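Shown next: protein.csv, containing CSV, C-alpha atoms (C1' of nucleotides).
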chain,number,residue,atom,x,y,z
A,314,MET,CA,6.5,-1.7,-5.7
A,315,ASN,CA,8.6,-1.8,-8.8
A,316,LEU,CA,6.8,0.2,-11.5
A,317,ASN,CA,9.3,-0.9,-14.1
A,318,SER,CA,8.4,-4.5,-13.9
A,319,TYR,CA,5.2,-4.3,-15.7
A,320,SER,CA,5.0,-5.9,-19.2
A,321,PHE,CA,2.2,-5.0,-21.6
A,322,ALA,CA,3.4,-7.7,-24.0
A,323,SER,CA,3.0,-10.3,-21.3
A,324,ASP,CA,-0.5,-9.3,-20.5
A,325,LEU,CA,-1.4,-9.3,-24.2
A,326,ASP,CA,0.1,-12.8,-24.6
A,327,ASP,CA,-2.3,-13.9,-21.9
A,328,PHE,CA,-5.4,-12.1,-23.1
A,329,MET,CA,-5.3,-12.5,-26.8
A,330,PRO,CA,-5.6,-16.2,-27.2
A,331,LYS,CA,-8.4,-16.4,-24.6
A,332,LEU,CA,-10.4,-13.6,-26.2
A,333,ALA,CA,-9.9,-15.0,-29.7
A,334,SER,CA,-12.6,-17.5,-28.7
A,335,LEU,CA,-15.2,-14.9,-27.8
A,336,PRO,CA,-18.5,-15.2,-29.5
A,337,VAL,CA,-18.7,-13.1,-32.6
A,338,GLU,CA,-22.3,-12.7,-33.6
A,339,TRP,CA,-24.5,-11.5,-30.7
A,340,ASP,CA,-28.2,-11.8,-31.1
A,341,GLY,CA,-30.0,-9.4,-28.8
A,342,LYS,CA,-32.6,-11.8,-27.3
A,343,ALA,CA,-30.2,-14.6,-26.8
A,344,CYS,CA,-27.6,-12.4,-25.1
A,345,VAL,CA,-30.2,-10.8,-22.8
A,346,LEU,CA,-31.3,-14.3,-21.8
A,347,GLU,CA,-27.7,-15.4,-21.2
A,348,LEU,CA,-27.1,-12.3,-19.0
A,349,LYS,CA,-30.4,-13.0,-17.2
A,350,GLU,CA,-29.3,-16.6,-16.6
A,351,ALA,CA,-26.1,-15.2,-15.0
A,352,ASP,CA,-28.0,-12.4,-13.2
A,353,TYR,CA,-25.7,-9.9,-14.7
A,354,ASN,CA,-27.1,-6.6,-15.8
A,355,TRP,CA,-29.7,-8.2,-18.0
A,356,LYS,CA,-32.1,-5.4,-17.8
A,357,GLN,CA,-29.7,-2.8,-19.2
A,358,MET,CA,-30.5,-0.9,-22.3
A,359,GLU,CA,-27.0,-1.2,-23.6
A,360,TRP,CA,-27.1,-5.0,-23.2
A,361,TRP,CA,-24.4,-5.5,-25.9
A,362,ALA,CA,-21.8,-3.5,-23.9
A,363,PHE,CA,-22.5,-5.4,-20.7
A,364,TYR,CA,-22.5,-8.6,-22.7
A,365,PHE,CA,-19.0,-7.9,-24.0
A,366,GLU,CA,-17.8,-7.0,-20.5
A,367,PHE,CA,-19.4,-10.2,-19.1
A,368,LYS,CA,-17.8,-12.5,-21.7
A,369,VAL,CA,-14.4,-10.9,-21.4
A,370,LEU,CA,-14.4,-11.3,-17.6
A,371,GLN,CA,-15.5,-14.9,-18.0
A,372,LYS,CA,-12.6,-15.7,-20.3
A,373,LEU,CA,-10.0,-13.9,-18.2
A,374,LYS,CA,-11.3,-14.7,-14.7
A,375,ASN,CA,-8.5,-17.2,-14.0
A,376,ILE,CA,-5.7,-14.8,-14.8
A,377,CYS,CA,-7.0,-11.5,-13.4
A,378,SER,CA,-8.4,-10.2,-10.2
A,379,ILE,CA,-12.0,-9.2,-10.5
A,380,PRO,CA,-12.8,-6.5,-9.8
A,381,GLY,CA,-9.8,-4.3,-9.9
A,382,ASP,CA,-8.9,-1.5,-7.6
A,383,ARG,CA,-11.5,0.7,-6.1
A,384,ILE,CA,-10.6,4.4,-6.1
A,385,GLU,CA,-13.1,6.5,-4.1
A,386,ARG,CA,-16.4,5.5,-5.7
A,387,VAL,CA,-15.0,4.2,-8.9
A,388,GLU,CA,-14.2,0.5,-9.4
A,389,PHE,CA,-12.3,-0.9,-12.4
A,390,ASP,CA,-13.4,-4.1,-14.0
A,391,MET,CA,-10.3,-6.2,-13.5
A,392,LYS,CA,-6.6,-6.1,-12.6
A,393,THR,CA,-3.3,-7.8,-13.5
A,394,GLN,CA,-0.4,-5.8,-12.2
A,395,ILE,CA,-2.4,-2.8,-13.4
A,396,ASN,CA,-6.1,-1.9,-13.6
A,397,TRP,CA,-8.0,-2.7,-16.8
A,398,ASP,CA,-11.5,-1.6,-17.8
A,399,ILE,CA,-13.6,-3.1,-20.5
A,400,LYS,CA,-15.5,-0.9,-23.0
A,401,ALA,CA,-17.6,-1.5,-26.1
A,402,LYS,CA,-18.1,0.9,-29.0
A,403,ALA,CA,-20.5,0.9,-31.9
A,404,ILE,CA,-18.2,1.5,-34.9
A,405,LYS,CA,-20.9,2.8,-37.2
A,406,SER,CA,-21.8,5.7,-34.9
A,407,ASP,CA,-21.1,9.3,-36.0
A,408,ASP,CA,-18.3,10.0,-33.6
A,409,HIS,CA,-15.3,7.7,-33.1
A,410,LYS,CA,-14.8,8.4,-29.5
A,411,VAL,CA,-14.7,6.0,-26.7
A,412,ILE,CA,-15.7,7.1,-23.2
A,413,LEU,CA,-13.2,5.8,-20.7
A,414,ASN,CA,-13.2,6.2,-17.0
A,415,ASP,CA,-13.4,8.9,-14.4
A,416,THR,CA,-10.5,11.3,-14.8
A,417,ILE,CA,-9.4,11.3,-11.1
A,418,ALA,CA,-9.6,7.6,-10.9
A,419,MET,CA,-7.5,7.0,-14.0
A,420,GLN,CA,-4.8,9.4,-12.7
A,421,GLU,CA,-4.8,7.6,-9.4
A,422,SER,CA,-4.6,4.2,-11.1
A,423,ILE,CA,-1.6,5.3,-13.1
A,424,SER,CA,0.2,6.9,-10.2
A,425,ASN,CA,-0.3,3.7,-8.2
A,426,HIS,CA,0.8,1.2,-10.8
A,427,GLY,CA,2.5,3.1,-13.5
A,428,PHE,CA,0.0,2.3,-16.2
A,429,HIS,CA,-3.7,1.8,-16.9
A,430,GLY,CA,-5.2,-0.4,-19.6
A,431,GLU,CA,-8.4,-0.5,-21.5
A,432,ILE,CA,-9.9,-3.3,-23.6
A,433,ILE,CA,-12.2,-1.9,-26.2
A,434,GLY,CA,-14.5,-4.1,-28.3
A,435,LEU,CA,-15.5,-2.6,-31.6
A,436,CYS,CA,-18.9,-3.8,-32.7
A,437,ASP,CA,-20.9,-3.5,-35.9
A,438,VAL,CA,-24.3,-3.0,-34.3
A,439,GLU,CA,-27.8,-3.1,-35.8
A,440,TYR,CA,-30.1,-0.2,-34.9
A,441,ASN,CA,-33.1,-1.7,-36.6
A,442,ASP,CA,-35.5,-1.5,-33.7
A,443,ARG,CA,-37.5,1.2,-35.4
A,444,ASN,CA,-40.8,-0.5,-34.6
A,445,ARG,CA,-39.5,-1.2,-31.0
A,446,SER,CA,-40.3,-4.8,-31.1
A,447,PHE,CA,-37.1,-5.8,-29.4
A,448,GLN,CA,-37.6,-3.1,-26.9
A,449,ARG,CA,-41.1,-4.3,-26.2
A,450,TRP,CA,-39.8,-7.9,-25.8
A,451,HIS,CA,-37.2,-6.7,-23.3
A,452,THR,CA,-39.7,-4.6,-21.3
A,453,GLU,CA,-42.0,-7.5,-21.1
A,454,LEU,CA,-39.1,-9.8,-19.9
A,455,LYS,CA,-38.3,-7.2,-17.3
A,456,GLY,CA,-41.8,-7.3,-16.0
A,457,GLY,CA,-43.0,-3.9,-17.4
A,458,LEU,CA,-41.8,-0.4,-17.5
A,459,SER,CA,-39.4,0.7,-14.8
A,460,GLN,CA,-40.2,3.6,-12.5
A,461,TYR,CA,-37.5,5.6,-14.2
A,462,GLU,CA,-39.2,5.2,-17.6
A,463,ILE,CA,-42.6,6.0,-16.3
A,464,LYS,CA,-41.2,9.2,-14.9
A,465,ARG,CA,-39.5,10.1,-18.1
A,466,MET,CA,-42.7,9.5,-20.1
A,467,ALA,CA,-44.6,11.8,-17.8
A,468,GLY,CA,-42.0,14.6,-18.4
A,469,PRO,CA,-41.3,16.8,-21.4
A,470,SER,CA,-38.8,14.4,-23.0
A,471,THR,CA,-40.5,11.3,-24.3
A,472,PHE,CA,-37.8,9.9,-26.6
A,473,SER,CA,-36.4,6.5,-25.6
A,474,ARG,CA,-33.1,5.7,-27.2
A,475,TYR,CA,-33.3,3.1,-30.0
A,476,ARG,CA,-32.1,-0.3,-29.0
A,477,LYS,CA,-29.6,-2.5,-30.7
A,478,THR,CA,-31.1,-5.7,-31.9
A,479,SER,CA,-27.8,-7.5,-32.6
A,480,ALA,CA,-24.1,-6.9,-32.7
A,481,VAL,CA,-21.0,-8.4,-34.4
A,482,LEU,CA,-17.7,-8.1,-32.7
A,483,SER,CA,-15.2,-7.0,-35.3
A,484,GLU,CA,-12.1,-6.0,-33.5
A,485,ILE,CA,-10.6,-5.7,-30.0
A,486,ILE,CA,-8.2,-2.9,-29.1
A,487,TYR,CA,-5.9,-3.1,-26.1
A,488,ILE,CA,-4.5,0.2,-25.1
A,489,LEU,CA,-2.1,1.3,-22.4
A,490,PHE,CA,-1.9,4.7,-20.9
A,491,ASP,CA,0.9,6.2,-18.8
A,492,GLU,CA,1.0,9.4,-16.9
A,493,ASN,CA,2.0,11.4,-20.0
A,494,ASP,CA,-0.8,10.1,-22.1
A,495,LEU,CA,-3.7,11.4,-20.1
A,496,GLU,CA,-3.3,15.0,-21.2
A,497,LYS,CA,-3.6,13.8,-24.8
A,498,LEU,CA,-7.1,12.5,-24.2
A,499,ASN,CA,-10.3,14.5,-24.6
A,500,GLN,CA,-12.6,14.8,-21.7
A,501,MET,CA,-16.3,14.0,-21.6
A,502,ASN,CA,-18.5,15.9,-19.3
A,503,GLN,CA,-21.2,13.4,-18.5
A,504,GLY,CA,-24.0,15.9,-18.0
A,505,ARG,CA,-26.4,14.8,-15.4
A,506,ASN,CA,-27.0,11.6,-13.5
A,507,SER,CA,-30.3,9.8,-13.4
A,508,ASN,CA,-31.3,12.0,-10.4
A,509,ASP,CA,-30.3,15.2,-12.3
A,510,LYS,CA,-27.2,15.8,-10.3
A,511,PRO,CA,-24.0,16.5,-12.3
A,512,ARG,CA,-21.4,13.9,-12.7
A,513,PRO,CA,-17.6,14.3,-12.7
A,514,PRO,CA,-15.8,14.1,-16.1
A,515,LYS,CA,-14.4,11.1,-17.8
A,516,TYR,CA,-11.6,10.8,-20.3
A,517,MET,CA,-12.5,10.1,-23.8
A,518,LEU,CA,-10.4,8.5,-26.5
A,519,ASP,CA,-10.7,9.6,-30.2
A,520,LEU,CA,-10.0,6.4,-32.2
A,521,GLU,CA,-8.7,8.6,-35.0
A,522,HIS,CA,-5.8,9.4,-32.8
A,523,ILE,CA,-5.1,6.0,-31.5
A,524,ASP,CA,-1.6,6.0,-32.9
A,525,ASP,CA,-0.7,8.5,-30.2
A,526,PHE,CA,-0.9,5.7,-27.7
A,527,GLN,CA,0.7,2.3,-27.1
A,528,HIS,CA,-1.8,-0.2,-28.3
A,529,GLU,CA,-2.5,-3.6,-30.0
A,530,LYS,CA,-5.3,-4.6,-32.3
A,531,GLN,CA,-6.8,-8.0,-32.6
A,532,GLU,CA,-9.0,-8.7,-35.6
A,533,ILE,CA,-11.9,-11.1,-34.9
B,720,DA,C1',-29.0,29.7,-48.8
B,721,DT,C1',-28.4,25.2,-47.7
B,722,DC,C1',-25.9,21.2,-46.4
B,723,DA,C1',-22.4,18.5,-43.9
B,724,DT,C1',-19.6,18.3,-39.9
B,725,DC,C1',-18.1,18.9,-35.1
B,726,DG,C1',-18.1,19.6,-30.2
B,727,DA,C1',-20.6,20.4,-26.1
B,728,DG,C1',-23.8,19.2,-23.3
B,729,DG,C1',-27.9,16.8,-22.2
B,730,DA,C1',-30.0,12.4,-22.2
B,731,DG,C1',-31.4,7.4,-21.5
B,732,DT,C1',-31.6,3.1,-18.2
B,733,DT,C1',-30.1,-0.1,-14.3
B,734,DT,C1',-27.8,-1.4,-10.1
B,735,DA,C1',-25.3,-1.3,-5.7
B,736,DA,C1',-24.4,1.0,-1.7
B,737,DT,C1',-26.0,4.3,1.7
B,738,DG,C1',-29.2,6.5,4.8
B,739,DG,C1',-33.6,6.9,7.1
C,533,DC,C1',-37.8,-1.9,4.1
C,534,DC,C1',-38.1,2.1,1.0
C,535,DA,C1',-36.0,6.2,-0.8
C,536,DT,C1',-32.0,8.5,-2.3
C,537,DT,C1',-27.5,8.8,-4.3
C,538,DA,C1',-24.1,8.0,-7.5
C,539,DA,C1',-21.8,4.5,-9.8
C,540,DA,C1',-22.2,1.5,-14.2
C,541,DC,C1',-23.0,1.1,-19.5
C,542,DT,C1',-23.1,4.5,-23.3
C,543,DC,C1',-25.9,7.5,-27.1
C,544,DC,C1',-28.3,11.5,-29.2
C,545,DT,C1',-29.5,16.3,-30.2
C,546,DC,C1',-28.6,20.8,-31.0
C,547,DG,C1',-26.3,25.0,-32.3
C,548,DA,C1',-22.1,26.9,-34.3
C,549,DT,C1',-19.2,26.7,-38.0
C,550,DG,C1',-17.3,25.9,-42.5
C,551,DA,C1',-18.1,24.3,-47.2
C,552,DT,C1',-20.8,24.2,-51.6

Reformat the file's structure so that it appears as C-alpha cells.
Amino acid sequence: MNLNSYSFASDLDDFMPKLASLPVEWDGKACVLELKEADYNWKQMEWWAFYFEFKVLQKLKNICSIPGDRIERVEFDMKTQINWDIKAKAIKSDDHKVILNDTIAMQESISNHGFHGEIIGLCDVEYNDRNRSFQRWHTELKGGLSQYEIKRMAGPSTFSRYRKTSAVLSEIIYILFDENDLEKLNQMNQGRNSNDKPRPPKYMLDLEHIDDFQHEKQEI
DNA sequence: ATCATCGAGGAGTTTAATGG
DNA sequence: CCATTAAACTCCTCGATGAT
C-alpha cells in the first residue's frame, strides 16, 4: 500500500458539493419520523446526531464504502482510502470539545492508512424541551419507557437529559489526522457504560485549537 | 465572600453482537 | 429466545481554582 498516494483535497472535492445539499433546518419530530421510516436509530435520545450521520451517509454512499474498517470492536462510519467518522456537535454548549473515536482504533486506523478523517457537523440546537413535551411524544412513539429508563427512575439518579427539539446545521468541518497529530488531542474518559462497566478512552478535539490540524470548513 | 470558568469524571439512552 | 456485554451517539454536574 502506498501511503503517499492519499489526497485530502480530492476527498474534499468529492464530499463538499454533495454535502452542500444537506437539509439545514431539522425539526425534531420530522427527523425522528424520517429515521423511523429508515429504521435507523430513531429511538435514540441524541436523534440530531444520528440524523446528521444518516444524511451524510446517504449523500456519500456512492463514493464511500459503508461502513469503514472494523478494528477490534470499533467500526468507523465510512471509508475512502482512509477511514472517516461522522460527528455532530452542539455549538452553543459550554465546552467546545468534540468527542472523537476510541484511542487505540484511531491509532490503528492511521498506522494502516496514513491518515484518519472526521466530518463534524456544527449545529445550533434548541434545548427548549423544558416541559418535556417533545420527550413525551418520543417516548410514546417508542411505545413507552424503555427498561433502561425504568431502572434509572428506580435508582438514586432521576434526571433525564433535556432533549433537543430542533437543530440548524451551521457549518461542516473536515479534519485530517496523521500519526503526529494524535498526541495533540485531549482524551476523554467515558466513565461507565450502560451496564456500569468502564469504557476505554476516546480522543477529544478542542475546537479552539483546530488550527493545529489540517482541516477545511464549509459554511452552510 | 462570591462568581465565573475549567477539567474530570459520571451520566443518559439505544442497538448489535454474543452467550446461555 | 432472553440476558448480558460493549459498541454507538453525546451531555451534564461537580469540585477546584482563579478573578472580582

Per residue of chain A within 9 Å of chain B, note the shortest atom pair and the distance in Å to one decimal, counting all atoms listed in the file, and order the rows by chain and increasing residue number, as a Markdown table.
| residue | atom | partner | partner_atom | distance |
| --- | --- | --- | --- | --- |
| A:Asn354 | CA | B:DT733 | C1' | 7.3 |
| A:Trp355 | CA | B:DT733 | C1' | 8.9 |
| A:Lys356 | CA | B:DT733 | C1' | 6.7 |
| A:Gln357 | CA | B:DT733 | C1' | 5.6 |
| A:Met358 | CA | B:DT732 | C1' | 5.8 |
| A:Glu359 | CA | B:DT732 | C1' | 8.3 |
| A:Ser459 | CA | B:DT732 | C1' | 8.8 |
| A:Tyr461 | CA | B:DT732 | C1' | 7.6 |
| A:Glu462 | CA | B:DT732 | C1' | 7.9 |
| A:Phe472 | CA | B:DG731 | C1' | 8.6 |
| A:Ser473 | CA | B:DG731 | C1' | 6.5 |
| A:Arg474 | CA | B:DG731 | C1' | 6.2 |
| A:Met501 | CA | B:DA727 | C1' | 8.9 |
| A:Asn502 | CA | B:DG728 | C1' | 7.4 |
| A:Gln503 | CA | B:DG728 | C1' | 8.0 |
| A:Gly504 | CA | B:DG729 | C1' | 5.8 |
| A:Arg505 | CA | B:DG729 | C1' | 7.2 |
| A:Ser507 | CA | B:DT732 | C1' | 8.3 |

Write out as a Markdown table a residue-level contact list of chain A versus chain C with cut-off 10 Å: for each qualifying residue the closest pair of atoms and the distance in Å to one decimal, counting all atoms listed in the file, rows sorted by chain and residue number upward.
| residue | atom | partner | partner_atom | distance |
| --- | --- | --- | --- | --- |
| A:Asn354 | CA | C:DC541 | C1' | 9.5 |
| A:Gln357 | CA | C:DC541 | C1' | 7.8 |
| A:Met358 | CA | C:DC541 | C1' | 8.3 |
| A:Glu359 | CA | C:DC541 | C1' | 6.2 |
| A:Trp360 | CA | C:DC541 | C1' | 8.2 |
| A:Trp361 | CA | C:DC541 | C1' | 9.3 |
| A:Ala362 | CA | C:DC541 | C1' | 6.5 |
| A:Phe363 | CA | C:DC541 | C1' | 6.6 |
| A:Glu366 | CA | C:DC541 | C1' | 9.7 |
| A:Arg386 | CA | C:DA539 | C1' | 6.9 |
| A:Val387 | CA | C:DA539 | C1' | 6.9 |
| A:Glu388 | CA | C:DA539 | C1' | 8.6 |
| A:Lys400 | CA | C:DC541 | C1' | 8.5 |
| A:Ala401 | CA | C:DT542 | C1' | 8.6 |
| A:Lys402 | CA | C:DT542 | C1' | 8.4 |
| A:Ala403 | CA | C:DT542 | C1' | 9.7 |
| A:Ser406 | CA | C:DC543 | C1' | 9.0 |
| A:Val411 | CA | C:DT542 | C1' | 9.2 |
| A:Ile412 | CA | C:DT542 | C1' | 7.8 |
| A:Phe472 | CA | C:DC544 | C1' | 10.0 |
| A:Arg474 | CA | C:DC543 | C1' | 7.4 |
| A:Tyr475 | CA | C:DC543 | C1' | 9.1 |
| A:Asn506 | CA | C:DA538 | C1' | 7.6 |
| A:Ser507 | CA | C:DA538 | C1' | 8.7 |
| A:Asn508 | CA | C:DT537 | C1' | 7.9 |
| A:Lys510 | CA | C:DA538 | C1' | 8.8 |
| A:Pro511 | CA | C:DA538 | C1' | 9.8 |
| A:Arg512 | CA | C:DA538 | C1' | 8.3 |

Those residues you just picked out, can you put them in a file as a CSV table (one decimal), in the coordinates of the input with C-alpha atoms?
chain,number,residue,atom,x,y,z
A,354,ASN,CA,-27.1,-6.6,-15.8
A,357,GLN,CA,-29.7,-2.8,-19.2
A,358,MET,CA,-30.5,-0.9,-22.3
A,359,GLU,CA,-27.0,-1.2,-23.6
A,360,TRP,CA,-27.1,-5.0,-23.2
A,361,TRP,CA,-24.4,-5.5,-25.9
A,362,ALA,CA,-21.8,-3.5,-23.9
A,363,PHE,CA,-22.5,-5.4,-20.7
A,366,GLU,CA,-17.8,-7.0,-20.5
A,386,ARG,CA,-16.4,5.5,-5.7
A,387,VAL,CA,-15.0,4.2,-8.9
A,388,GLU,CA,-14.2,0.5,-9.4
A,400,LYS,CA,-15.5,-0.9,-23.0
A,401,ALA,CA,-17.6,-1.5,-26.1
A,402,LYS,CA,-18.1,0.9,-29.0
A,403,ALA,CA,-20.5,0.9,-31.9
A,406,SER,CA,-21.8,5.7,-34.9
A,411,VAL,CA,-14.7,6.0,-26.7
A,412,ILE,CA,-15.7,7.1,-23.2
A,472,PHE,CA,-37.8,9.9,-26.6
A,474,ARG,CA,-33.1,5.7,-27.2
A,475,TYR,CA,-33.3,3.1,-30.0
A,506,ASN,CA,-27.0,11.6,-13.5
A,507,SER,CA,-30.3,9.8,-13.4
A,508,ASN,CA,-31.3,12.0,-10.4
A,510,LYS,CA,-27.2,15.8,-10.3
A,511,PRO,CA,-24.0,16.5,-12.3
A,512,ARG,CA,-21.4,13.9,-12.7

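From atom CA of Leu458 of chain A back to atom CA of Ser446 of chain A, the distance works out to 14.4 Å.
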
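Once segment 321-331 of chain A and its same-chain neighbours fewer than 5 positions away are set aside, Lys372, Leu373, Ile376, Thr393, Tyr487, Leu489 and Gln531 of chain A remain within 8 Å of it when counting only C-alpha atoms (C1' of nucleotides).
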
Between atom CA of Ile432 of chain A and atom CA of Ser334 of chain A, what distance in Å does the model show, to one decimal?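 For atom CA of Ile432 of chain A relative to atom CA of Ser334 of chain A, the distance reads 15.3 Å.
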
Between atom CA of Ser318 of chain A and atom CA of Ile488 of chain A, distance in Å (one decimal):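 Atom CA of Ser318 of chain A sits 17.7 Å away from atom CA of Ile488 of chain A.
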
Assuming the input is short of atoms at segment 398-407 of chain A, produce all heavy atoms for that part as a compact mmCIF listing (two decimals), keeping the file's coordinate frame.
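Output file out-v8.txt follows:
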# COMPACT_ATOMS: atom_id res chain seq x y z
N ASP A 398 -10.02 -1.73 -17.70
CA ASP A 398 -11.50 -1.60 -17.80
C ASP A 398 -11.90 -2.00 -19.20
O ASP A 398 -11.13 -1.92 -20.15
CB ASP A 398 -11.89 -0.12 -17.50
CG ASP A 398 -13.26 -0.09 -16.82
OD1 ASP A 398 -13.34 -0.50 -15.64
OD2 ASP A 398 -14.24 0.31 -17.47
N ILE A 399 -13.13 -2.45 -19.28
CA ILE A 399 -13.60 -3.10 -20.50
C ILE A 399 -14.73 -2.19 -21.10
O ILE A 399 -15.69 -1.86 -20.41
CB ILE A 399 -14.17 -4.47 -20.22
CG1 ILE A 399 -13.05 -5.33 -19.63
CG2 ILE A 399 -14.73 -5.10 -21.48
CD1 ILE A 399 -13.56 -6.58 -18.93
N LYS A 400 -14.55 -1.83 -22.37
CA LYS A 400 -15.50 -0.90 -23.00
C LYS A 400 -15.97 -1.53 -24.33
O LYS A 400 -15.27 -2.34 -24.93
CB LYS A 400 -14.81 0.41 -23.36
CG LYS A 400 -14.22 1.12 -22.16
CD LYS A 400 -15.29 1.61 -21.23
CE LYS A 400 -14.72 2.23 -19.98
NZ LYS A 400 -15.77 2.43 -18.96
N ALA A 401 -17.12 -1.10 -24.78
CA ALA A 401 -17.60 -1.50 -26.10
C ALA A 401 -17.98 -0.23 -26.85
O ALA A 401 -18.45 0.74 -26.27
CB ALA A 401 -18.79 -2.43 -25.99
N LYS A 402 -17.76 -0.27 -28.15
CA LYS A 402 -18.10 0.90 -29.00
C LYS A 402 -18.71 0.48 -30.28
O LYS A 402 -18.23 -0.41 -30.95
CB LYS A 402 -16.74 1.66 -29.26
CG LYS A 402 -16.88 2.85 -30.18
CD LYS A 402 -17.70 3.95 -29.54
CE LYS A 402 -17.97 5.08 -30.53
NZ LYS A 402 -18.92 6.06 -29.98
N ALA A 403 -19.81 1.16 -30.60
CA ALA A 403 -20.50 0.90 -31.90
C ALA A 403 -19.70 1.63 -32.96
O ALA A 403 -19.56 2.85 -32.94
CB ALA A 403 -21.91 1.42 -31.82
N ILE A 404 -19.19 0.89 -33.90
CA ILE A 404 -18.20 1.50 -34.90
C ILE A 404 -18.94 2.26 -35.94
O ILE A 404 -18.35 3.11 -36.58
CB ILE A 404 -17.37 0.34 -35.46
CG1 ILE A 404 -16.10 0.92 -36.03
CG2 ILE A 404 -18.13 -0.50 -36.46
CD1 ILE A 404 -15.24 1.68 -35.02
N LYS A 405 -20.23 2.03 -36.15
CA LYS A 405 -20.90 2.80 -37.20
C LYS A 405 -21.54 4.08 -36.68
O LYS A 405 -22.31 4.72 -37.36
CB LYS A 405 -22.05 1.91 -37.80
CG LYS A 405 -21.58 1.19 -39.07
CD LYS A 405 -22.74 0.66 -39.87
CE LYS A 405 -23.27 -0.63 -39.33
NZ LYS A 405 -24.20 -1.31 -40.23
N SER A 406 -21.19 4.46 -35.46
CA SER A 406 -21.80 5.70 -34.90
C SER A 406 -21.05 6.90 -35.54
O SER A 406 -20.02 6.78 -36.18
CB SER A 406 -21.62 5.72 -33.41
OG SER A 406 -20.26 5.70 -33.06
N ASP A 407 -21.61 8.07 -35.35
CA ASP A 407 -21.10 9.30 -36.00
C ASP A 407 -19.70 9.64 -35.45
O ASP A 407 -18.80 9.98 -36.21
CB ASP A 407 -22.02 10.45 -35.74
CG ASP A 407 -23.29 10.29 -36.55
OD1 ASP A 407 -23.27 9.47 -37.48
OD2 ASP A 407 -24.26 10.98 -36.24
